[in-house]
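With mmCIF, C-alpha atoms inside, this is final02.cif:
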```cif
data_work
loop_
_atom_site.label_atom_id
_atom_site.label_comp_id
_atom_site.auth_asym_id
_atom_site.auth_seq_id
_atom_site.Cartn_x
_atom_site.Cartn_y
_atom_site.Cartn_z
CA MET Z 1 1.64 -6.50 29.79
CA HIS Z 2 -1.29 -4.99 31.66
CA ASP Z 3 0.39 -1.54 31.71
CA HIS Z 4 1.15 -1.83 27.99
CA ASN Z 5 -2.48 -2.62 27.14
CA HIS Z 6 -3.72 0.10 29.49
CA THR Z 7 -1.45 2.62 27.74
CA HIS Z 8 -2.82 1.59 24.34
CA HIS Z 9 -6.38 1.90 25.62
CA ASN Z 10 -5.70 5.40 26.96
CA GLN Z 11 -3.99 6.34 23.69
CA ASP Z 12 -7.11 5.21 21.79
CA VAL Z 13 -9.29 7.51 23.90
CA GLU Z 14 -6.86 10.44 23.57
CA ASN Z 15 -6.63 10.05 19.77
CA ILE Z 16 -10.42 10.09 19.31
CA GLN Z 17 -10.75 12.93 21.84
CA MET Z 18 -8.26 15.03 19.87
CA ALA Z 19 -10.03 14.26 16.57
CA PHE Z 20 -13.39 15.22 18.13
CA PHE Z 21 -12.23 18.66 19.33
CA LEU Z 22 -10.44 19.39 16.03
CA ASN Z 23 -13.52 18.45 14.05
CA PHE Z 24 -16.02 20.24 16.30
CA PHE Z 25 -14.19 23.58 16.47
CA PHE Z 26 -13.50 23.50 12.73
CA THR Z 27 -17.21 22.83 12.08
CA ILE Z 28 -18.03 26.10 13.87
CA ILE Z 29 -15.45 27.90 11.69
CA GLU Z 30 -17.05 26.28 8.60
CA ILE Z 31 -20.58 27.40 9.48
CA VAL Z 32 -19.44 30.99 10.07
CA GLY Z 33 -17.13 30.88 7.03
CA GLY Z 34 -19.85 29.42 4.79
CA MET Z 35 -22.19 32.28 5.70
CA LEU Z 36 -19.51 34.95 5.25
CA THR Z 37 -18.37 33.58 1.88
CA ASN Z 38 -21.97 32.95 0.72
CA SER Z 39 -20.94 29.38 -0.25
CA VAL Z 40 -23.51 26.58 -0.04
CA ALA Z 41 -20.73 24.08 -0.85
CA ILE Z 42 -18.93 25.00 2.38
CA LEU Z 43 -22.20 24.95 4.33
CA SER Z 44 -22.85 21.45 2.90
CA ASP Z 45 -19.47 20.29 4.15
CA ALA Z 46 -20.20 21.97 7.49
CA VAL Z 47 -23.32 19.78 7.82
CA HIS Z 48 -21.19 16.73 7.00
CA ASP Z 49 -18.57 17.72 9.58
CA LEU Z 50 -21.26 18.42 12.19
CA GLY Z 51 -22.45 14.84 11.73
CA ASP Z 52 -18.85 13.63 11.93
CA SER Z 53 -18.34 15.60 15.15
CA PHE Z 54 -21.37 13.86 16.63
CA SER Z 55 -19.98 10.48 15.48
CA LEU Z 56 -16.57 11.27 16.95
CA GLY Z 57 -18.16 12.35 20.24
CA LEU Z 58 -20.03 9.06 20.43
CA SER Z 59 -16.91 7.10 19.45
CA TRP Z 60 -14.96 8.88 22.18
CA TYR Z 61 -17.67 8.06 24.72
CA PHE Z 62 -18.05 4.42 23.65
CA GLN Z 63 -14.28 3.92 23.54
CA LYS Z 64 -14.21 4.94 27.22
CA ILE Z 65 -16.99 2.54 28.26
CA ALA Z 66 -16.11 -0.32 25.87
CA LYS Z 67 -14.39 -2.36 28.59
CA ARG Z 68 -17.13 -2.01 31.16
CA PRO Z 69 -18.32 -5.44 32.33
CA ARG Z 70 -21.78 -6.61 31.40
CA THR Z 71 -24.58 -6.03 33.87
CA LYS Z 72 -27.85 -7.74 34.78
CA ASN Z 73 -29.70 -5.18 32.67
CA TYR Z 74 -27.26 -5.34 29.70
CA THR Z 75 -26.01 -8.90 29.57
CA TYR Z 76 -24.06 -8.31 26.33
CA GLY Z 77 -22.52 -5.11 27.68
CA TYR Z 78 -22.88 -1.67 26.11
CA LYS Z 79 -21.90 -2.46 22.52
CA ARG Z 80 -25.36 -1.95 20.98
CA PHE Z 81 -25.62 1.60 22.35
CA SER Z 82 -23.41 2.66 19.41
CA LEU Z 83 -26.23 1.70 17.01
CA MET Z 84 -28.56 4.17 18.67
CA GLY Z 85 -25.91 6.83 18.21
CA ALA Z 86 -25.46 5.87 14.54
CA ILE Z 87 -29.20 6.20 13.87
CA ILE Z 88 -29.45 9.59 15.65
CA ASN Z 89 -26.42 10.77 13.69
CA SER Z 90 -27.99 9.58 10.43
CA VAL Z 91 -31.21 11.52 11.14
CA ILE Z 92 -29.17 14.69 11.81
CA LEU Z 93 -27.29 14.25 8.52
CA VAL Z 94 -30.51 13.64 6.53
CA VAL Z 95 -32.22 16.74 7.93
CA GLY Z 96 -29.12 18.88 7.38
CA SER Z 97 -28.56 17.60 3.83
CA VAL Z 98 -32.21 18.18 2.84
CA LEU Z 99 -32.03 21.78 4.13
CA ILE Z 100 -28.83 22.35 2.17
CA LEU Z 101 -30.36 20.88 -1.01
CA MET Z 102 -33.38 23.17 -0.63
CA ASN Z 103 -30.97 26.12 -0.79
CA ALA Z 104 -28.54 24.70 -3.36
CA ILE Z 105 -30.98 23.57 -6.09
CA PRO Z 106 -32.57 27.03 -6.62
CA ARG Z 107 -29.06 28.54 -6.70
CA LEU Z 108 -28.14 26.18 -9.52
CA PHE Z 109 -30.64 28.03 -11.75
CA ASN Z 110 -29.91 31.44 -10.23
CA PRO Z 111 -26.20 31.29 -9.22
CA GLN Z 112 -24.82 33.76 -6.67
CA GLN Z 113 -21.13 34.62 -6.69
CA PRO Z 114 -19.40 33.33 -3.54
CA ASP Z 115 -16.25 34.78 -2.01
CA VAL Z 116 -13.77 32.54 -3.84
CA LYS Z 117 -10.70 33.64 -1.86
CA GLY Z 118 -12.49 32.84 1.40
CA MET Z 119 -13.53 29.45 -0.01
CA LEU Z 120 -9.93 28.68 -0.97
CA LEU Z 121 -8.69 29.57 2.52
CA LEU Z 122 -11.36 27.43 4.25
CA ALA Z 123 -10.74 24.53 1.84
CA VAL Z 124 -7.00 24.53 2.61
CA LEU Z 125 -7.78 24.65 6.36
CA GLY Z 126 -10.30 21.83 5.90
CA VAL Z 127 -7.74 19.58 4.20
CA VAL Z 128 -5.08 20.34 6.85
CA VAL Z 129 -7.33 19.95 9.94
CA ASN Z 130 -9.18 16.83 8.78
CA GLY Z 131 -5.96 15.38 7.36
CA ALA Z 132 -4.17 15.84 10.70
CA ALA Z 133 -7.01 14.15 12.60
CA MET Z 134 -7.11 11.30 10.07
CA LEU Z 135 -3.35 10.65 10.26
CA ARG Z 136 -3.43 10.67 14.07
CA LEU Z 137 -6.16 8.03 14.11
CA ARG Z 138 -4.59 5.88 11.37
CA ARG Z 139 -1.61 5.34 13.68
CA GLY Z 140 -3.93 3.94 16.34
CA HIS Z 141 -4.36 0.28 17.26
CA SER Z 142 -8.10 -0.07 17.85
CA LEU Z 143 -10.71 -0.91 15.22
CA ASN Z 144 -12.73 2.08 16.46
CA GLU Z 145 -9.87 4.45 15.55
CA LYS Z 146 -9.41 2.91 12.11
CA VAL Z 147 -13.13 3.15 11.27
CA VAL Z 148 -13.27 6.82 12.36
CA SER Z 149 -10.09 7.57 10.35
CA LEU Z 150 -11.86 6.30 7.19
CA HIS Z 151 -14.75 8.64 7.98
CA LEU Z 152 -12.31 11.55 8.20
CA LEU Z 153 -10.76 10.50 4.88
CA GLU Z 154 -14.17 11.21 3.30
CA ASP Z 155 -13.99 14.72 4.79
CA VAL Z 156 -10.54 15.30 3.30
CA LEU Z 157 -11.79 14.23 -0.14
CA GLY Z 158 -14.82 16.54 0.26
CA TRP Z 159 -12.58 19.50 1.03
CA LEU Z 160 -10.30 18.66 -1.89
CA SER Z 161 -13.34 18.88 -4.18
CA VAL Z 162 -14.22 22.29 -2.69
CA LEU Z 163 -10.59 23.37 -3.16
CA VAL Z 164 -10.63 22.32 -6.84
CA GLY Z 165 -14.02 23.98 -7.41
CA ALA Z 166 -12.93 27.23 -5.75
CA GLY Z 167 -9.69 27.12 -7.78
CA ILE Z 168 -11.67 26.90 -11.02
CA MET Z 169 -13.99 29.76 -9.95
CA TYR Z 170 -10.92 31.88 -9.09
CA PHE Z 171 -9.85 31.85 -12.76
CA VAL Z 172 -13.24 31.33 -14.47
CA ASP Z 173 -16.55 33.14 -13.90
CA ALA Z 174 -18.60 30.04 -13.11
CA PRO Z 175 -20.59 30.59 -9.88
CA PHE Z 176 -22.84 27.58 -10.68
CA ILE Z 177 -19.94 25.33 -9.55
CA ASP Z 178 -20.62 26.24 -5.89
CA PRO Z 179 -24.23 24.90 -5.73
CA LEU Z 180 -23.17 21.98 -7.98
CA LEU Z 181 -20.50 21.00 -5.45
CA SER Z 182 -23.05 21.40 -2.66
CA ILE Z 183 -25.51 19.04 -4.38
CA GLY Z 184 -22.74 16.52 -5.02
CA ILE Z 185 -21.56 16.56 -1.39
CA SER Z 186 -25.15 16.30 -0.08
CA ALA Z 187 -25.92 13.39 -2.43
CA PHE Z 188 -22.76 11.61 -1.26
CA ILE Z 189 -23.77 12.14 2.40
CA LEU Z 190 -27.32 10.84 1.79
CA PHE Z 191 -26.02 7.75 -0.03
CA ASN Z 192 -23.74 6.88 2.91
CA VAL Z 193 -26.51 7.61 5.42
CA TYR Z 194 -28.80 5.19 3.53
CA ARG Z 195 -26.15 2.46 3.75
CA ASN Z 196 -25.54 3.11 7.45
CA ILE Z 197 -29.25 3.11 8.35
CA ARG Z 198 -29.84 -0.11 6.36
CA ARG Z 199 -26.92 -1.78 8.15
CA SER Z 200 -28.03 -0.53 11.58
CA LEU Z 201 -31.62 -1.70 11.08
CA ARG Z 202 -30.42 -5.13 9.95
CA ILE Z 203 -28.42 -5.47 13.18
CA ILE Z 204 -31.33 -4.27 15.35
CA LEU Z 205 -33.67 -6.71 13.59
CA GLN Z 206 -31.12 -9.49 14.28
CA GLY Z 207 -30.36 -10.27 10.66
CA SER Z 208 -27.35 -12.49 10.03
CA PRO Z 209 -24.07 -10.55 9.67
CA ASP Z 210 -23.07 -9.62 6.11
CA LEU Z 211 -19.59 -11.13 6.37
CA VAL Z 212 -20.66 -14.43 7.96
CA SER Z 213 -22.04 -17.18 5.70
CA ILE Z 214 -24.49 -19.57 7.40
CA ASP Z 215 -23.72 -22.19 4.73
CA GLU Z 216 -20.01 -21.88 5.48
CA VAL Z 217 -20.67 -22.21 9.22
CA GLU Z 218 -22.73 -25.39 8.69
CA LYS Z 219 -20.10 -26.83 6.35
CA THR Z 220 -17.29 -26.10 8.83
CA VAL Z 221 -19.13 -27.64 11.79
CA MET Z 222 -20.22 -30.70 9.81
CA ALA Z 223 -16.61 -31.36 8.76
CA ILE Z 224 -15.54 -31.90 12.38
CA GLU Z 225 -15.20 -35.48 13.65
CA ASN Z 226 -18.06 -36.85 15.78
CA VAL Z 227 -20.59 -34.35 14.38
CA HIS Z 228 -23.61 -35.99 12.69
CA SER Z 229 -25.79 -32.93 11.96
CA VAL Z 230 -26.71 -29.44 13.15
CA HIS Z 231 -29.97 -27.52 13.63
CA ASP Z 232 -31.46 -24.55 15.49
CA LEU Z 233 -28.62 -22.42 14.14
CA HIS Z 234 -28.92 -18.69 14.80
CA ILE Z 235 -26.33 -15.99 14.04
CA TRP Z 236 -26.67 -12.28 14.76
CA SER Z 237 -24.47 -9.32 15.59
CA VAL Z 238 -24.49 -7.19 18.72
CA ASP Z 239 -23.00 -4.08 17.10
CA GLY Z 240 -21.84 -5.01 13.59
CA GLU Z 241 -18.47 -6.27 14.81
CA TYR Z 242 -19.18 -8.65 17.71
CA ASN Z 243 -21.04 -11.67 16.29
CA VAL Z 244 -23.00 -14.24 18.29
CA LEU Z 245 -24.08 -17.80 17.45
CA THR Z 246 -26.28 -20.45 19.07
CA ILE Z 247 -26.35 -23.98 17.65
CA HIS Z 248 -27.52 -27.52 18.42
CA VAL Z 249 -24.93 -30.13 17.42
CA VAL Z 250 -26.12 -33.73 17.03
CA LEU Z 251 -23.33 -36.21 17.82
CA SER Z 252 -22.56 -39.33 15.78
CA ALA Z 253 -22.39 -41.29 19.05
CA PRO Z 254 -22.51 -40.46 22.78
CA LEU Z 255 -19.19 -39.08 24.09
CA PRO Z 256 -17.69 -38.81 27.59
CA MET Z 257 -17.48 -35.35 29.21
CA ALA Z 258 -13.75 -34.94 28.49
CA LYS Z 259 -14.32 -35.60 24.77
CA LEU Z 260 -17.26 -33.18 24.72
CA HIS Z 261 -15.07 -30.48 26.24
CA SER Z 262 -12.41 -31.03 23.52
CA LEU Z 263 -15.06 -30.99 20.81
CA LYS Z 264 -16.59 -27.77 22.14
CA THR Z 265 -13.15 -26.11 22.23
CA GLU Z 266 -12.46 -27.18 18.63
CA LEU Z 267 -15.87 -25.92 17.51
CA ARG Z 268 -15.34 -22.51 19.14
CA GLU Z 269 -11.89 -22.14 17.56
CA LYS Z 270 -13.31 -22.95 14.11
CA LEU Z 271 -16.21 -20.54 14.61
CA LEU Z 272 -13.87 -17.79 15.79
CA SER Z 273 -11.94 -18.15 12.52
CA LEU Z 274 -15.27 -17.42 10.77
CA ASP Z 275 -15.59 -14.12 12.70
CA ILE Z 276 -17.98 -15.44 15.37
CA GLN Z 277 -16.75 -14.19 18.73
CA HIS Z 278 -19.42 -15.62 21.05
CA SER Z 279 -20.80 -19.14 20.48
CA THR Z 280 -23.24 -21.14 22.60
CA ILE Z 281 -23.19 -24.85 21.71
CA GLU Z 282 -25.67 -27.51 22.82
CA PHE Z 283 -24.86 -31.18 22.18
CA GLU Z 284 -27.53 -33.79 21.50
CA ALA Z 285 -27.46 -37.59 21.31
CA PRO Z 286 -28.21 -39.18 17.90
CA ASP Z 287 -31.68 -40.36 18.94
CA GLU Z 288 -32.64 -37.32 21.03
CA ASP Z 289 -35.91 -35.60 20.18
CA CYS Z 290 -35.26 -31.83 20.14
CA GLU Z 291 -38.30 -29.58 20.61
CA MET Z 292 -36.31 -26.59 19.33
CA GLU Z 293 -35.43 -28.09 15.92
CA GLU Z 294 -38.31 -26.50 13.99
CA CYS Z 295 -39.28 -23.79 16.49
CA CYS Z 296 -38.23 -20.90 14.25
#
```

Transcribe the structure of this file into structure tokens.
Amino acid sequence: MHDHNHTHHNQDVENIQMAFFLNFFFTIIEIVGGMLTNSVAILSDAVHDLGDSFSLGLSWYFQKIAKRPRTKNYTYGYKRFSLMGAIINSVILVVGSVLILMNAIPRLFNPQQPDVKGMLLLAVLGVVVNGAAMLRLRRGHSLNEKVVSLHLLEDVLGWLSVLVGAGIMYFVDAPFIDPLLSIGISAFILFNVYRNIRRSLRIILQGSPDLVSIDEVEKTVMAIENVHSVHDLHIWSVDGEYNVLTIHVVLSAPLPMAKLHSLKTELREKLLSLDIQHSTIEFEAPDEDCEMEECC
């Protein structure tokens, strides 16, 4: 069983590594190709793919260190380091997209004819390369692989739009389509960056996870036998996937240690079903005065 899991872990790393190198080398081809074809749409997608290459590089790195044990300095492990990478990546995408928009918007009013045949060739390559990386990762087992594969699906859709736009320009004299595609791709990137930054900041500021309902948690805990009430309930996420909870549970009546152990096990199982992976539970007697009840 250990060898089987170890093989899967290595396969995860190899899949993301392969996707990173495919994406990075193709990004270089895009930048050169975008300049040679005079296409701001391709340069826009190059900016997107550069950001994706950075994301893939970070995913590759974090996949390798994900199983490192926690340390005295990082008691929850290294999971939150990925947020720092996400924010850096978002800044890169914002700067790149703004630069592209500064070039694309004037071209919308004064269109320049791109090399349509070169655009078609690069668009086909873009669909093939990003599609191959996406399919490789979709066959993976880890959540990390599946999330990155969805990111690559966005790239495939972006290249399909460039392919359609270049196809139209091949038969119709409509050079304004190129900057229009560029603006559309850049707007799509900025919208997703906004969502990612908002989500990352919420995690850093220890907001409750989007997919975990505090009301549902309270209702679930209160429904368990021997539980009278709850307070000092806090829920946050380490990295957007690994959720943590601390709670004070007031008992209906004092219980022996063996019963408390059973109750704690039942509570943790119920909380795990609500997508809370790490729970710290403190029991209190019915008449106990808790200083933490209204502390925050």

Handout entry: Picked residues, the PyMOL selection byres ((chain Z and resi 36) around 12), expected as number ranges by chain
Key = Z: 29-35, 37-40, 42-43, 114-119, 122

Expected file contents, prior selection, C-alpha atoms, as a short mmCIF file (atom, residue, chain, number, x, y, z; two decimals), in the coordinates of the input:
```cif
data_model
loop_
_atom_site.label_atom_id
_atom_site.label_comp_id
_atom_site.auth_asym_id
_atom_site.auth_seq_id
_atom_site.Cartn_x
_atom_site.Cartn_y
_atom_site.Cartn_z
CA ILE Z 29 -15.45 27.90 11.69
CA GLU Z 30 -17.05 26.28 8.60
CA ILE Z 31 -20.58 27.40 9.48
CA VAL Z 32 -19.44 30.99 10.07
CA GLY Z 33 -17.13 30.88 7.03
CA GLY Z 34 -19.85 29.42 4.79
CA MET Z 35 -22.19 32.28 5.70
CA THR Z 37 -18.37 33.58 1.88
CA ASN Z 38 -21.97 32.95 0.72
CA SER Z 39 -20.94 29.38 -0.25
CA VAL Z 40 -23.51 26.58 -0.04
CA ILE Z 42 -18.93 25.00 2.38
CA LEU Z 43 -22.20 24.95 4.33
CA PRO Z 114 -19.40 33.33 -3.54
CA ASP Z 115 -16.25 34.78 -2.01
CA VAL Z 116 -13.77 32.54 -3.84
CA LYS Z 117 -10.70 33.64 -1.86
CA GLY Z 118 -12.49 32.84 1.40
CA MET Z 119 -13.53 29.45 -0.01
CA LEU Z 122 -11.36 27.43 4.25
#
```

Residue by residue, what does the PyMOL selection byres ((chain Z and resi 251-258) around 9) grab here? Present the result as a PDB file with C-alpha atoms, keeping the file's coordinate frame.
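Result written to selection-v6.pdb:
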```pdb
ATOM      1  CA  GLU Z 225     -15.200 -35.480  13.650  1.00  0.00           C
ATOM      2  CA  ASN Z 226     -18.060 -36.850  15.780  1.00  0.00           C
ATOM      3  CA  VAL Z 227     -20.590 -34.350  14.380  1.00  0.00           C
ATOM      4  CA  HIS Z 228     -23.610 -35.990  12.690  1.00  0.00           C
ATOM      5  CA  SER Z 229     -25.790 -32.930  11.960  1.00  0.00           C
ATOM      6  CA  VAL Z 230     -26.710 -29.440  13.150  1.00  0.00           C
ATOM      7  CA  VAL Z 249     -24.930 -30.130  17.420  1.00  0.00           C
ATOM      8  CA  VAL Z 250     -26.120 -33.730  17.030  1.00  0.00           C
ATOM      9  CA  LYS Z 259     -14.320 -35.600  24.770  1.00  0.00           C
ATOM     10  CA  LEU Z 260     -17.260 -33.180  24.720  1.00  0.00           C
ATOM     11  CA  HIS Z 261     -15.070 -30.480  26.240  1.00  0.00           C
ATOM     12  CA  SER Z 262     -12.410 -31.030  23.520  1.00  0.00           C
ATOM     13  CA  LEU Z 263     -15.060 -30.990  20.810  1.00  0.00           C
ATOM     14  CA  PHE Z 283     -24.860 -31.180  22.180  1.00  0.00           C
ATOM     15  CA  GLU Z 284     -27.530 -33.790  21.500  1.00  0.00           C
ATOM     16  CA  ALA Z 285     -27.460 -37.590  21.310  1.00  0.00           C
ATOM     17  CA  PRO Z 286     -28.210 -39.180  17.900  1.00  0.00           C
TER      18      PRO Z 286
END
```

Near Asn110 in chain Z, counting all atoms listed in the file, which residues have an atom at most 12 Å away, once you skip same-chain residues fewer than 4 positions from it, shown as a PDB file with C-alpha atoms, in the coordinates of the input?
```
ATOM      1  CA  ASN Z 103     -30.970  26.120  -0.790  1.00  0.00           C
ATOM      2  CA  ALA Z 104     -28.540  24.700  -3.360  1.00  0.00           C
ATOM      3  CA  ILE Z 105     -30.980  23.570  -6.090  1.00  0.00           C
ATOM      4  CA  PRO Z 106     -32.570  27.030  -6.620  1.00  0.00           C
ATOM      5  CA  ALA Z 174     -18.600  30.040 -13.110  1.00  0.00           C
ATOM      6  CA  PRO Z 175     -20.590  30.590  -9.880  1.00  0.00           C
ATOM      7  CA  PHE Z 176     -22.840  27.580 -10.680  1.00  0.00           C
ATOM      8  CA  ILE Z 177     -19.940  25.330  -9.550  1.00  0.00           C
ATOM      9  CA  ASP Z 178     -20.620  26.240  -5.890  1.00  0.00           C
ATOM     10  CA  PRO Z 179     -24.230  24.900  -5.730  1.00  0.00           C
ATOM     11  CA  LEU Z 180     -23.170  21.980  -7.980  1.00  0.00           C
TER      12      LEU Z 180
END
```

Give me the residues within 10 Å of range 85-100 of chain Z as a PDB file with C-alpha atoms, in the frame of the given file, counting only C-alpha atoms and dropping any in the same chain fewer than 6 places off.
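Writing done, so here's selection_35.pdb:
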```pdb
ATOM      1  CA  VAL Z  40     -23.510  26.580  -0.040  1.00  0.00           C
ATOM      2  CA  ALA Z  41     -20.730  24.080  -0.850  1.00  0.00           C
ATOM      3  CA  LEU Z  43     -22.200  24.950   4.330  1.00  0.00           C
ATOM      4  CA  SER Z  44     -22.850  21.450   2.900  1.00  0.00           C
ATOM      5  CA  ASP Z  45     -19.470  20.290   4.150  1.00  0.00           C
ATOM      6  CA  ALA Z  46     -20.200  21.970   7.490  1.00  0.00           C
ATOM      7  CA  VAL Z  47     -23.320  19.780   7.820  1.00  0.00           C
ATOM      8  CA  HIS Z  48     -21.190  16.730   7.000  1.00  0.00           C
ATOM      9  CA  ASP Z  49     -18.570  17.720   9.580  1.00  0.00           C
ATOM     10  CA  LEU Z  50     -21.260  18.420  12.190  1.00  0.00           C
ATOM     11  CA  GLY Z  51     -22.450  14.840  11.730  1.00  0.00           C
ATOM     12  CA  ASP Z  52     -18.850  13.630  11.930  1.00  0.00           C
ATOM     13  CA  SER Z  53     -18.340  15.600  15.150  1.00  0.00           C
ATOM     14  CA  PHE Z  54     -21.370  13.860  16.630  1.00  0.00           C
ATOM     15  CA  SER Z  55     -19.980  10.480  15.480  1.00  0.00           C
ATOM     16  CA  GLY Z  57     -18.160  12.350  20.240  1.00  0.00           C
ATOM     17  CA  LEU Z  58     -20.030   9.060  20.430  1.00  0.00           C
ATOM     18  CA  SER Z  59     -16.910   7.100  19.450  1.00  0.00           C
ATOM     19  CA  PHE Z  62     -18.050   4.420  23.650  1.00  0.00           C
ATOM     20  CA  PRO Z 179     -24.230  24.900  -5.730  1.00  0.00           C
ATOM     21  CA  SER Z 182     -23.050  21.400  -2.660  1.00  0.00           C
ATOM     22  CA  ILE Z 183     -25.510  19.040  -4.380  1.00  0.00           C
ATOM     23  CA  ILE Z 185     -21.560  16.560  -1.390  1.00  0.00           C
ATOM     24  CA  SER Z 186     -25.150  16.300  -0.080  1.00  0.00           C
ATOM     25  CA  ALA Z 187     -25.920  13.390  -2.430  1.00  0.00           C
ATOM     26  CA  PHE Z 188     -22.760  11.610  -1.260  1.00  0.00           C
ATOM     27  CA  ILE Z 189     -23.770  12.140   2.400  1.00  0.00           C
ATOM     28  CA  LEU Z 190     -27.320  10.840   1.790  1.00  0.00           C
ATOM     29  CA  PHE Z 191     -26.020   7.750  -0.030  1.00  0.00           C
ATOM     30  CA  ASN Z 192     -23.740   6.880   2.910  1.00  0.00           C
ATOM     31  CA  VAL Z 193     -26.510   7.610   5.420  1.00  0.00           C
ATOM     32  CA  TYR Z 194     -28.800   5.190   3.530  1.00  0.00           C
ATOM     33  CA  ARG Z 195     -26.150   2.460   3.750  1.00  0.00           C
ATOM     34  CA  ASN Z 196     -25.540   3.110   7.450  1.00  0.00           C
ATOM     35  CA  ILE Z 197     -29.250   3.110   8.350  1.00  0.00           C
ATOM     36  CA  ARG Z 198     -29.840  -0.110   6.360  1.00  0.00           C
ATOM     37  CA  SER Z 200     -28.030  -0.530  11.580  1.00  0.00           C
ATOM     38  CA  LEU Z 201     -31.620  -1.700  11.080  1.00  0.00           C
TER      39      LEU Z 201
END
```

Practice task
Work out how far apart CA of Ile281 in chain Z and CA of Ile204 in chain Z are and give it in Å to one decimal.
Solution key: 23.0 Å

Exercise for the section: Quick one: apply the PyMOL selection byres ((chain Z and resi 20) around 12) to the file and drop the selected residues here as a PyMOL selection string. Expected result: chain Z and resi 13-19+21-27+49-61+129-130+132-134+136-137+145+148-149+152

Exercise for the section: Kindly give the distance, in Å, that separates CA of Gln206 in chain Z and CA of Thr265 in chain Z, rounded to a single decimal. Expected result: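 Computing the Euclidean distance for CA of Gln206 in chain Z and CA of Thr265 in chain Z yields 25.7 Å.
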
Practice task
With a distance cut-off of 12 Å and only C-alpha atoms, select the neighbouring residues of Val244 in chain Z, excluding the residue or stretch itself and same-chain residues fewer than 2 positions from it, and output the selection as a PyMOL selection string.
Solution key: chain Z and resi 76+203+206-209+212+233-242+246-247+268+271-272+274-281

Handout entry: Atom pair CA of Asp289 in chain Z / CA of Asp232 in chain Z: separation (Å)
Key =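 Between CA of Asp289 in chain Z and CA of Asp232 in chain Z the gap is 12.8 Å.
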